[in-house]
Amino acid sequence: MRLSPGSAVIFCLAIASAVLVALIPYREPDGITFWVFATPHRDAYIEPIAHWNEEHPPESRFTMTMLHPNVIEHRMISGFLSGTPVADLLETHEGIYPRVYHGPLDQIGFLDITDRLHEEGLYEQYDRTTLLQHTHRGHHFGLPITAAPALLAYRSDLAEAAGISDEAIAQIETWDDYFRVMRPLMTDLDGDGRPDRYLLSLGEVSIEAIRMLVLQNDGVLFDKDGNPSFANAQNARTLATLTTWITGPKRVATDVALHTSTGHKQRLDGFVVGTIITNWMLAQWKRENPQIEGKLKFIPIPAFEPGGRRTSTSGSTMISINKHSLHIETAWEMAKNLYTSIEVAEYLYRVAGMITPLKENWDAPFYHEPDPFCGGQQTGTLFIEQIPHMPQSPVSPYQNLAYSELVNAMMALRTYAEQYSIYEVEPLAIEALRLLKKSQEALQKLVDRNVFIGES
């Protein structure tokens, strides 16, 4: 067989690349390996790990490596399945660790620490909701590093300029209250007949906001056996309510991205008044949108009904031990050393806005300092007050697919509302339930292929 000139060049380059890769020297990292994925986390751990290494013999010392989350995910999962090397200690976020839970319990690559938590008295020290977010089928596979309560950030400067008093804002309890009190801010500034400012950052593709609002309103996504159960009347009514906020004659919301330069500019320009964010999202705003300093304040998220929940949650990170590690006991001591350290907690709060789920540390003074970025409010105090009221997030290898299905239903529901000019909650809830049932059936078929999902 003759190769074309182009094919010959490609073939030669492939051979040369293979040879060069083979010649690259490779050396296993010294010590017990620890993978992390985020710069603030790595920086917070440098000093305590160095101190540990100074006090321990070579066989008990740690080598920390920061990798891209995708790299950790691929290397971790392939390693657990194939037996190739994986770090002894791993830090992963909620977009990664649930993927390990597809198989039977005895094939999950993380060490089961359930008994350790109870025997060492750690279980009662943690916020229960946060701790349960890192379980699977009743077993704990990691320690959480942060609680992630959510509040509503609003443009306090715009409210003040419009004569909306702090006293009026303090009386807000429900979403109806919020939209009524803030309604003067939703104005047509350029005279084109359309609002140039909306009261809430929310759209049919706002996956973070939709997720948090569904959970806030007692949304359930999976049953106790791990099967999808998001096609229920409560979730349908929530999506119907949100749809009336984003379209129709009573529209009060529009989508402004949380993590983009465009979204930061729109928020700075006052395109939206309120945004639901967690404590770690606030830290991102401080880094990425510093010009908005002094223009924000926080209130608990308005409830859907009087007496309802005033917070939600999004995002989680845990530290886990490779159950095949030769250094399980040492890795366990390091995990506790890092995740229960008040010095690490302070660093992560000041740099990344993270709040420890260890209840005994919530009184630490640094959590309760006035925050000039938010008009002098004690934002740490406000977030901590809501931790006990956070909803329980689902823990499933299919959770991200379920969140996507909520967004798909919202997109279809908005189209339906505009096509038929239906903008009332009750009829929209009927259509929302139909859409959710269709999505749930599709996801259930995928879950049914996993013969281990119902095992305990």
# chains A, B, ... in the order shown; residues from 1 in each chain; ligands from 1

call {"tool": "closest_atom_pairs", "arguments": {"of": "stretch 68-162 of chain A", "to": "stretch 197-210 of chain A", "cutoff": "12 Å", "atoms": "only C-alpha atoms", "output": "Markdown table"}}
result
| residue | atom | partner | partner_atom | distance |
| --- | --- | --- | --- | --- |
| A:Ala150 | CA | A:Ala209 | CA | 10.3 |
| A:Leu151 | CA | A:Ala209 | CA | 11.4 |
| A:Leu152 | CA | A:Leu200 | CA | 9.4 |
| A:Ala153 | CA | A:Leu200 | CA | 9.8 |
| A:Tyr154 | CA | A:Leu200 | CA | 8.7 |
| A:Arg155 | CA | A:Leu199 | CA | 9.7 |
| A:Leu158 | CA | A:Arg197 | CA | 10.7 |
| A:Ala159 | CA | A:Leu199 | CA | 10.9 |

call {"tool": "residues_around", "arguments": {"residues": "A:Pro302", "least_positions_apart": "4", "cutoff": "10 Å", "atoms": "only C-alpha atoms", "output": "MDAnalysis selection string"}}
result
chainID A and resid 151:152 172:179 216 306:311

call {"tool": "closest_atom_pairs", "arguments": {"of": "stretch 399-425 of chain A", "to": "stretch 222-239 of chain A", "cutoff": "9 Å", "atoms": "only C-alpha atoms", "output": "tab-separated table"}}
result
residue	atom	partner	partner_atom	distance
A:Gln399	CA	A:Phe222	CA	8.4
A:Ala402	CA	A:Pro228	CA	7.5
A:Leu406	CA	A:Leu239	CA	8.1
A:Ala409	CA	A:Leu239	CA	8.0
A:Met410	CA	A:Leu239	CA	6.4
A:Leu413	CA	A:Leu239	CA	8.2
A:Val425	CA	A:Arg237	CA	7.0

call {"tool": "write_last_selection", "arguments": {"atoms": "N, CA, C and O atoms", "output": "PDB file, in the first residue's frame"}}
result
ATOM      1  N   GLN A 399     -27.260  13.407  39.216  1.00  0.00           N
ATOM      2  CA  GLN A 399     -27.816  14.669  39.688  1.00  0.00           C
ATOM      3  C   GLN A 399     -27.656  15.792  38.672  1.00  0.00           C
ATOM      4  O   GLN A 399     -28.563  16.618  38.487  1.00  0.00           O
ATOM      5  N   ALA A 402     -30.268  15.541  36.135  1.00  0.00           N
ATOM      6  CA  ALA A 402     -31.564  15.994  36.656  1.00  0.00           C
ATOM      7  C   ALA A 402     -31.651  17.514  36.631  1.00  0.00           C
ATOM      8  O   ALA A 402     -32.689  18.085  36.251  1.00  0.00           O
ATOM      9  N   LEU A 406     -34.366  20.012  34.517  1.00  0.00           N
ATOM     10  CA  LEU A 406     -35.151  21.146  35.014  1.00  0.00           C
ATOM     11  C   LEU A 406     -35.036  22.330  34.063  1.00  0.00           C
ATOM     12  O   LEU A 406     -36.025  23.014  33.775  1.00  0.00           O
ATOM     13  N   ALA A 409     -37.009  21.683  30.911  1.00  0.00           N
ATOM     14  CA  ALA A 409     -38.440  21.891  31.148  1.00  0.00           C
ATOM     15  C   ALA A 409     -38.784  23.366  31.187  1.00  0.00           C
ATOM     16  O   ALA A 409     -39.819  23.793  30.655  1.00  0.00           O
ATOM     17  N   MET A 410     -37.917  24.180  31.805  1.00  0.00           N
ATOM     18  CA  MET A 410     -38.149  25.628  31.841  1.00  0.00           C
ATOM     19  C   MET A 410     -38.136  26.223  30.437  1.00  0.00           C
ATOM     20  O   MET A 410     -38.959  27.098  30.100  1.00  0.00           O
ATOM     21  N   LEU A 413     -41.309  25.237  28.787  1.00  0.00           N
ATOM     22  CA  LEU A 413     -42.456  25.873  29.433  1.00  0.00           C
ATOM     23  C   LEU A 413     -42.568  27.335  29.022  1.00  0.00           C
ATOM     24  O   LEU A 413     -43.684  27.839  28.804  1.00  0.00           O
ATOM     25  N   VAL A 425     -50.009  30.679  36.947  1.00  0.00           N
ATOM     26  CA  VAL A 425     -49.268  29.560  37.527  1.00  0.00           C
ATOM     27  C   VAL A 425     -49.998  28.236  37.364  1.00  0.00           C
ATOM     28  O   VAL A 425     -49.390  27.227  36.969  1.00  0.00           O
TER      29      VAL A 425
END

call {"tool": "closest_residue", "arguments": {"among": "A:Lys336, A:His327, A:His389, A:Lys286", "to": "A:Ile301", "atoms": "only C-alpha atoms"}}
result
A:His389

call {"tool": "residues_around", "arguments": {"residues": "A:Ile342", "least_positions_apart": "5", "cutoff": "9 Å", "atoms": "only C-alpha atoms", "output": "NGL selection string"}}
result
:A and (347 or 356 or 361 or 364)

call {"tool": "residues_around", "arguments": {"residues": "A:Thr92", "least_positions_apart": "6", "cutoff": "7 Å", "atoms": "only C-alpha atoms", "output": "JSON, numbers by chain"}}
result
{"A": [317, 318, 319]}

call {"tool": "closest_residue", "arguments": {"among": "A:Gly191, A:Gly103, A:Pro69, A:Gly270", "to": "A:Ala38", "atoms": "only C-alpha atoms"}}
result
A:Pro69

call {"tool": "select_by_dssp", "arguments": {"residues": "stretch 193-299 of chain A", "states": "strand (DSSP E or B)", "output": "number ranges by chain"}}
result
A: 198-201, 222, 228, 253-254, 272-278, 296-299

call {"tool": "atom_distance", "arguments": {"atom1": "atom CA of A:Gly142", "atom2": "atom CA of A:Ile72"}}
result
15.9 Å

call {"tool": "closest_residue", "arguments": {"among": "A:Leu433, A:Val86, A:Met212, A:Leu185", "to": "A:Ile321", "atoms": "only C-alpha atoms"}}
result
A:Val86

call {"tool": "closest_residue", "arguments": {"among": "A:Thr381, A:Thr278, A:Ser396, A:Thr130", "to": "A:His102", "atoms": "only C-alpha atoms"}}
result
A:Ser396

call {"tool": "atom_distance", "arguments": {"atom1": "atom CA of A:Leu258", "atom2": "atom CA of A:Ser439"}}
result
26.3 Å

call {"tool": "residues_around", "arguments": {"residues": "A:His259", "least_positions_apart": "5", "cutoff": "12 Å", "atoms": "only C-alpha atoms", "output": "compact mmCIF listing (two decimals) with N, CA, C and O atoms, in the first residue's frame"}}
result
# COMPACT_ATOMS: atom_id res chain seq x y z
N SER A 206 -30.87 29.65 33.25
CA SER A 206 -30.08 29.98 34.45
C SER A 206 -30.02 28.76 35.36
O SER A 206 -30.74 28.66 36.36
N GLU A 208 -27.96 27.57 37.63
CA GLU A 208 -27.68 27.72 39.04
C GLU A 208 -28.89 28.28 39.78
O GLU A 208 -29.27 27.80 40.86
N HIS A 264 -20.87 40.47 34.62
CA HIS A 264 -20.38 41.42 35.61
C HIS A 264 -20.66 42.86 35.16
O HIS A 264 -21.03 43.71 35.98
N LYS A 265 -20.49 43.13 33.88
CA LYS A 265 -20.74 44.49 33.37
C LYS A 265 -22.23 44.81 33.47
O LYS A 265 -22.61 45.94 33.87
N GLN A 266 -23.10 43.89 33.10
CA GLN A 266 -24.54 44.13 33.19
C GLN A 266 -24.97 44.36 34.64
O GLN A 266 -25.80 45.23 34.92
N ARG A 267 -24.36 43.60 35.54
CA ARG A 267 -24.72 43.76 36.95
C ARG A 267 -24.24 45.11 37.47
O ARG A 267 -24.93 45.79 38.23
N ILE A 277 -26.92 34.30 45.28
CA ILE A 277 -25.55 33.79 45.24
C ILE A 277 -25.20 33.13 46.57
O ILE A 277 -25.78 33.44 47.61
N TRP A 280 -19.36 31.49 48.35
CA TRP A 280 -18.18 31.38 47.48
C TRP A 280 -18.36 32.17 46.18
O TRP A 280 -17.38 32.64 45.59
N MET A 281 -19.61 32.36 45.74
CA MET A 281 -19.84 33.22 44.56
C MET A 281 -19.52 34.67 44.88
O MET A 281 -19.00 35.41 44.04
N LEU A 282 -19.82 35.11 46.11
CA LEU A 282 -19.49 36.47 46.51
C LEU A 282 -17.99 36.71 46.41
O LEU A 282 -17.54 37.77 45.96
N ALA A 283 -17.20 35.73 46.82
CA ALA A 283 -15.74 35.87 46.72
C ALA A 283 -15.31 36.04 45.26
O ALA A 283 -14.38 36.80 44.97
N GLN A 284 -15.97 35.35 44.35
CA GLN A 284 -15.65 35.52 42.93
C GLN A 284 -15.97 36.93 42.47
O GLN A 284 -15.20 37.55 41.73
N TRP A 285 -17.10 37.48 42.91
CA TRP A 285 -17.45 38.85 42.53
C TRP A 285 -16.41 39.83 43.03
O TRP A 285 -16.06 40.79 42.33
N LYS A 286 -15.91 39.60 44.24
CA LYS A 286 -14.91 40.52 44.79
C LYS A 286 -13.65 40.53 43.92
O LYS A 286 -13.01 41.58 43.75
N ARG A 287 -13.28 39.38 43.39
CA ARG A 287 -12.10 39.30 42.53
C ARG A 287 -12.37 39.84 41.14
O ARG A 287 -11.52 40.51 40.54
N GLU A 288 -13.54 39.53 40.59
CA GLU A 288 -13.78 39.75 39.17
C GLU A 288 -14.59 41.01 38.86
O GLU A 288 -14.61 41.45 37.72
N ASN A 289 -15.26 41.57 39.86
CA ASN A 289 -16.09 42.76 39.62
C ASN A 289 -15.91 43.75 40.77
O ASN A 289 -16.86 44.15 41.44

call {"tool": "atom_distance", "arguments": {"atom1": "atom CA of A:Thr84", "atom2": "atom CA of A:His324"}}
result
10.6 Å

call {"tool": "select_by_dssp", "arguments": {"residues": "stretch 287-381 of chain A", "states": "helix (DSSP H, G or I)", "output": "ChimeraX atom specification"}}
result
/A:287-288,290-292,328-339,342-352,359-361,365-368,372-374,379-381
